[in-house]
>>> print(open('final04.txt').read())   # compact mmCIF, C-alpha atoms
# COMPACT_ATOMS: atom_id res chain seq x y z
CA MET A 928 -11.80 16.92 33.09
CA ASP A 929 -14.62 19.18 32.01
CA LYS A 930 -17.08 18.49 29.20
CA ARG A 931 -15.14 20.50 26.63
CA GLU A 932 -12.01 18.41 27.13
CA ALA A 933 -13.98 15.16 26.90
CA ILE A 934 -15.66 16.27 23.67
CA GLY A 935 -12.37 17.54 22.27
CA SER A 936 -10.66 14.20 22.91
CA TRP A 937 -13.55 12.39 21.24
CA LEU A 938 -13.42 14.65 18.18
CA SER A 939 -9.66 14.33 17.75
CA GLY A 940 -9.75 10.55 18.00
CA PRO A 941 -8.36 7.92 20.33
CA ARG A 942 -4.77 8.33 19.21
CA ALA A 943 -4.71 12.05 20.06
CA ALA A 944 -6.33 11.37 23.41
CA ALA A 945 -3.77 8.66 24.18
CA GLU A 946 -0.90 10.95 23.14
CA GLU A 947 -2.22 13.66 25.47
CA ALA A 948 -2.24 11.06 28.23
CA GLY A 949 1.47 10.41 27.61
CA VAL A 950 1.47 7.34 25.37
CA ASP A 951 4.38 7.36 22.89
CA PHE A 952 3.43 5.71 19.59
CA GLY A 953 6.68 6.54 17.84
CA TYR A 954 6.83 7.07 14.10
CA ARG A 955 5.58 4.86 11.29
CA GLY A 956 8.00 2.01 10.70
CA GLU A 957 9.85 2.34 14.01
CA GLN A 958 8.78 -1.14 15.12
CA LEU A 959 10.04 -2.51 11.81
CA GLY A 960 13.47 -0.93 12.17
CA LEU A 961 12.95 1.51 9.31
CA PRO A 962 14.07 5.16 9.34
CA GLU A 963 11.60 7.94 10.11
CA GLU A 964 12.21 9.93 6.92
CA GLY A 965 14.08 9.66 3.65
CA PRO A 966 15.04 6.56 1.67
CA GLY A 967 13.89 3.33 3.30
CA SER A 968 11.10 4.96 5.31
CA ILE A 969 7.49 3.79 5.11
CA ALA A 970 5.71 5.20 2.07
CA ARG A 971 2.93 7.69 2.77
CA PRO A 972 -0.64 6.94 1.68
CA GLY A 973 -0.74 9.69 -0.96
CA ARG A 974 2.21 8.27 -2.87
CA ARG A 975 0.86 4.75 -2.58
CA LEU A 976 -2.54 5.77 -3.96
CA GLY A 977 -0.89 7.73 -6.77
CA ALA A 978 1.21 4.71 -7.75
CA LEU A 979 -1.87 2.50 -7.64
CA ALA A 980 -3.76 4.94 -9.88
CA VAL A 981 -0.92 4.95 -12.43
CA ASP A 982 -0.73 1.14 -12.43
CA TRP A 983 -4.50 0.80 -12.75
CA GLY A 984 -4.60 3.36 -15.56
CA LEU A 985 -1.84 1.54 -17.41
CA SER A 986 -3.68 -1.77 -16.98
CA LEU A 987 -6.92 -0.19 -18.19
CA LEU A 988 -5.16 1.24 -21.23
CA ILE A 989 -3.70 -2.17 -22.11
CA ALA A 990 -7.03 -3.96 -21.61
CA TYR A 991 -8.99 -1.29 -23.49
CA SER A 992 -6.74 -0.99 -26.51
CA LEU A 993 -5.11 -4.39 -26.91
CA ILE A 994 -7.49 -6.99 -25.49
CA THR A 995 -11.10 -5.84 -25.76
CA ASP A 996 -10.59 -3.31 -28.57
CA GLY A 997 -12.83 -0.74 -26.93
CA TYR A 998 -15.00 -0.63 -23.87
CA THR A 999 -17.07 -3.74 -23.25
CA PRO A 1000 -18.54 -5.18 -20.06
CA SER A 1001 -15.50 -7.46 -19.75
CA THR A 1002 -12.96 -4.61 -19.90
CA SER A 1003 -12.85 -4.22 -16.12
CA ASN A 1004 -12.19 -7.95 -15.65
CA TRP A 1005 -9.38 -7.83 -18.18
CA THR A 1006 -8.02 -4.72 -16.45
CA LEU A 1007 -7.83 -6.59 -13.15
CA LEU A 1008 -6.09 -9.52 -14.83
CA VAL A 1009 -3.55 -7.24 -16.54
CA PHE A 1010 -2.95 -5.46 -13.21
CA LEU A 1011 -2.39 -8.84 -11.53
CA VAL A 1012 0.08 -10.02 -14.16
CA VAL A 1013 2.02 -6.72 -14.28
CA SER A 1014 2.24 -6.60 -10.48
CA LEU A 1015 3.34 -10.23 -10.21
CA LEU A 1016 6.04 -9.84 -12.82
CA THR A 1017 7.43 -6.48 -11.78
CA VAL A 1018 7.19 -6.69 -7.98
CA GLY A 1019 8.45 -10.28 -8.02
CA THR A 1020 11.54 -9.39 -10.06
CA LEU A 1021 12.29 -5.68 -9.65
CA GLY A 1022 10.48 -4.84 -6.42
CA PHE A 1023 8.31 -2.13 -7.97
CA THR A 1024 5.63 -1.58 -10.58
CA PRO A 1025 5.80 1.24 -13.15
CA GLY A 1026 3.58 3.41 -10.94
CA LYS A 1027 5.68 2.73 -7.84
CA ARG A 1028 8.83 3.63 -9.76
CA ILE A 1029 7.32 6.92 -10.93
CA PHE A 1030 6.38 7.80 -7.35
CA GLY A 1031 9.72 6.63 -5.92
CA LEU A 1032 8.46 3.57 -4.04
CA ARG A 1033 9.68 0.01 -3.65
CA VAL A 1034 8.32 -3.15 -2.02
CA VAL A 1035 10.81 -4.85 0.30
CA ALA A 1036 10.73 -7.99 2.41
CA LEU A 1037 11.34 -7.15 6.04
CA GLU A 1038 13.89 -9.92 6.62
CA THR A 1039 15.95 -9.82 3.42
CA GLY A 1040 15.18 -6.51 1.74
CA THR A 1041 14.25 -8.13 -1.58
CA VAL A 1042 10.87 -9.59 -2.49
CA ASN A 1043 10.83 -13.13 -3.80
CA PRO A 1044 8.15 -14.17 -6.32
CA LEU A 1045 6.12 -16.10 -3.71
CA ARG A 1046 5.78 -13.08 -1.44
CA ALA A 1047 4.97 -10.92 -4.44
CA ALA A 1048 2.23 -13.37 -5.43
CA ILE A 1049 0.70 -13.38 -1.94
CA ARG A 1050 0.83 -9.60 -1.75
CA THR A 1051 -0.60 -9.07 -5.23
CA LEU A 1052 -3.43 -11.57 -4.85
CA LEU A 1053 -4.49 -9.95 -1.58
CA LEU A 1054 -4.18 -6.49 -3.14
CA CYS A 1055 -6.51 -7.54 -5.96
CA LEU A 1056 -9.11 -8.51 -3.35
CA ALA A 1057 -9.01 -4.82 -2.25
CA LEU A 1058 -10.28 -5.34 1.30
CA PRO A 1059 -6.90 -6.36 2.82
CA ALA A 1060 -5.35 -3.20 1.39
CA LEU A 1061 -7.94 -1.06 3.21
CA ILE A 1062 -7.06 -2.44 6.66
CA TRP A 1063 -3.91 -0.72 7.96
CA ASP A 1064 -1.78 -1.17 11.05
CA ARG A 1065 -0.15 1.63 13.02
CA ASP A 1066 2.94 1.48 10.80
CA GLY A 1067 0.83 2.29 7.73
CA ARG A 1068 1.11 -1.16 6.21
CA GLY A 1069 -1.95 -2.81 4.69
CA LEU A 1070 -3.03 -6.27 5.69
CA HIS A 1071 -1.71 -7.53 2.34
CA ASP A 1072 1.77 -6.29 3.33
CA ARG A 1073 1.54 -7.75 6.82
CA LEU A 1074 0.55 -11.21 5.58
CA ALA A 1075 3.31 -11.20 2.93
CA ARG A 1076 5.78 -9.75 5.50
CA THR A 1077 6.66 -6.87 3.21
CA ALA A 1078 6.63 -3.09 3.40
CA GLU A 1079 6.33 -0.38 0.79
CA VAL A 1080 9.17 2.09 1.30
CA ARG A 1081 10.54 5.20 -0.34
CA ILE A 1082 13.51 4.82 -2.70
>>> encode(input="final04.txt", output="structure tokens")
Amino acid sequence: MDKREAIGSWLSGPRAAAEEAGVDFGYRGEQLGLPEEGPGSIARPGRRLGALAVDWGLSLLIAYSLITDGYTPSTSNWTLLVFLVVSLLTVGTLGFTPGKRIFGLRVVALETGTVNPLRAAIRTLLLCLALPALIWDRDGRGLHDRLARTAEVRI
């Protein structure tokens, strides 16, 4: 291996270097038994972030207009609380929030396919902490999904 190949493998990342060496990672969700594409496949990060933005915007609108009656220093705290309540109620009963529905996503339990309220509570509380959602596995699931044994899939 010459220097250019070594630098190229470093720039492209460890996954690309391992794939060039012959390691087969498969597709996202393969280890979970989910399809590669279409309904039931793991949701892509862009859709997930879009759904989160819609849900956060809706929560901010509710907190801004109905609770604090304008912007105050406590508006962001109320927004987080509204987000928590909306997520608990909608994911625990329907399997999706308004933002997830708009973007065609659903939260499912890996064993049963439906999310019970306890799993929704675990997932939502960890999501509100933000850090668990930023740590992903190779299937594209956040730590909050791994600990709740759920996955966010396309409808």
>>> residues_around(input="final04.txt", residues="Ala1047 in chain A", least_positions_apart="5", cutoff="7 Å", atoms="all atoms listed in the file", output="ChimeraX atom specification")
/A:1015,1018-1019,1042
>>> closest_residue(input="final04.txt", among="A:Arg955, A:Ala980, A:Leu1056, A:Val1012", to="Gly967 in chain A", atoms="only C-alpha atoms")
A:Arg955
>>> residues_around(input="final04.txt", residues="range 1066-1075 of chain A", least_positions_apart="6", cutoff="10 Å", atoms="only C-alpha atoms", output="compact mmCIF listing (two decimals) with C-alpha atoms, in the frame of the given file")
# COMPACT_ATOMS: atom_id res chain seq x y z
CA PHE A 952 3.43 5.71 19.59
CA GLY A 953 6.68 6.54 17.84
CA TYR A 954 6.83 7.07 14.10
CA ARG A 955 5.58 4.86 11.29
CA GLY A 956 8.00 2.01 10.70
CA GLU A 957 9.85 2.34 14.01
CA GLN A 958 8.78 -1.14 15.12
CA LEU A 959 10.04 -2.51 11.81
CA ILE A 969 7.49 3.79 5.11
CA ALA A 970 5.71 5.20 2.07
CA ARG A 971 2.93 7.69 2.77
CA PRO A 972 -0.64 6.94 1.68
CA VAL A 1034 8.32 -3.15 -2.02
CA VAL A 1035 10.81 -4.85 0.30
CA ALA A 1036 10.73 -7.99 2.41
CA LEU A 1037 11.34 -7.15 6.04
CA VAL A 1042 10.87 -9.59 -2.49
CA LEU A 1045 6.12 -16.10 -3.71
CA ARG A 1046 5.78 -13.08 -1.44
CA ALA A 1047 4.97 -10.92 -4.44
CA ALA A 1048 2.23 -13.37 -5.43
CA ILE A 1049 0.70 -13.38 -1.94
CA ARG A 1050 0.83 -9.60 -1.75
CA THR A 1051 -0.60 -9.07 -5.23
CA LEU A 1052 -3.43 -11.57 -4.85
CA LEU A 1053 -4.49 -9.95 -1.58
CA LEU A 1054 -4.18 -6.49 -3.14
CA CYS A 1055 -6.51 -7.54 -5.96
CA LEU A 1056 -9.11 -8.51 -3.35
CA ALA A 1057 -9.01 -4.82 -2.25
CA LEU A 1058 -10.28 -5.34 1.30
CA PRO A 1059 -6.90 -6.36 2.82
CA ALA A 1060 -5.35 -3.20 1.39
>>> residues_near_point(input="final04.txt", point="(5.4, -7.9, -17.3)", cutoff="12 Å", atoms="all atoms listed in the file", output="PyMOL selection string")
chain A and resi 982+985-986+989+1008-1021+1023-1025
>>> atom_distance(input="final04.txt", atom1="CA of Gly960 in chain A", atom2="CA of Arg1081 in chain A")
14.2 Å
>>> atom_distance(input="final04.txt", atom1="CA of Leu961 in chain A", atom2="CA of Gly1026 in chain A")
22.4 Å
>>> atom_distance(input="final04.txt", atom1="CA of Leu976 in chain A", atom2="CA of Ile1082 in chain A")
16.1 Å
>>> closest_residue(input="final04.txt", among="A:Ala944, A:Ile1062, A:Ala1078, A:Ala978", to="Ile1029 in chain A", atoms="all atoms listed in the file")
A:Ala978
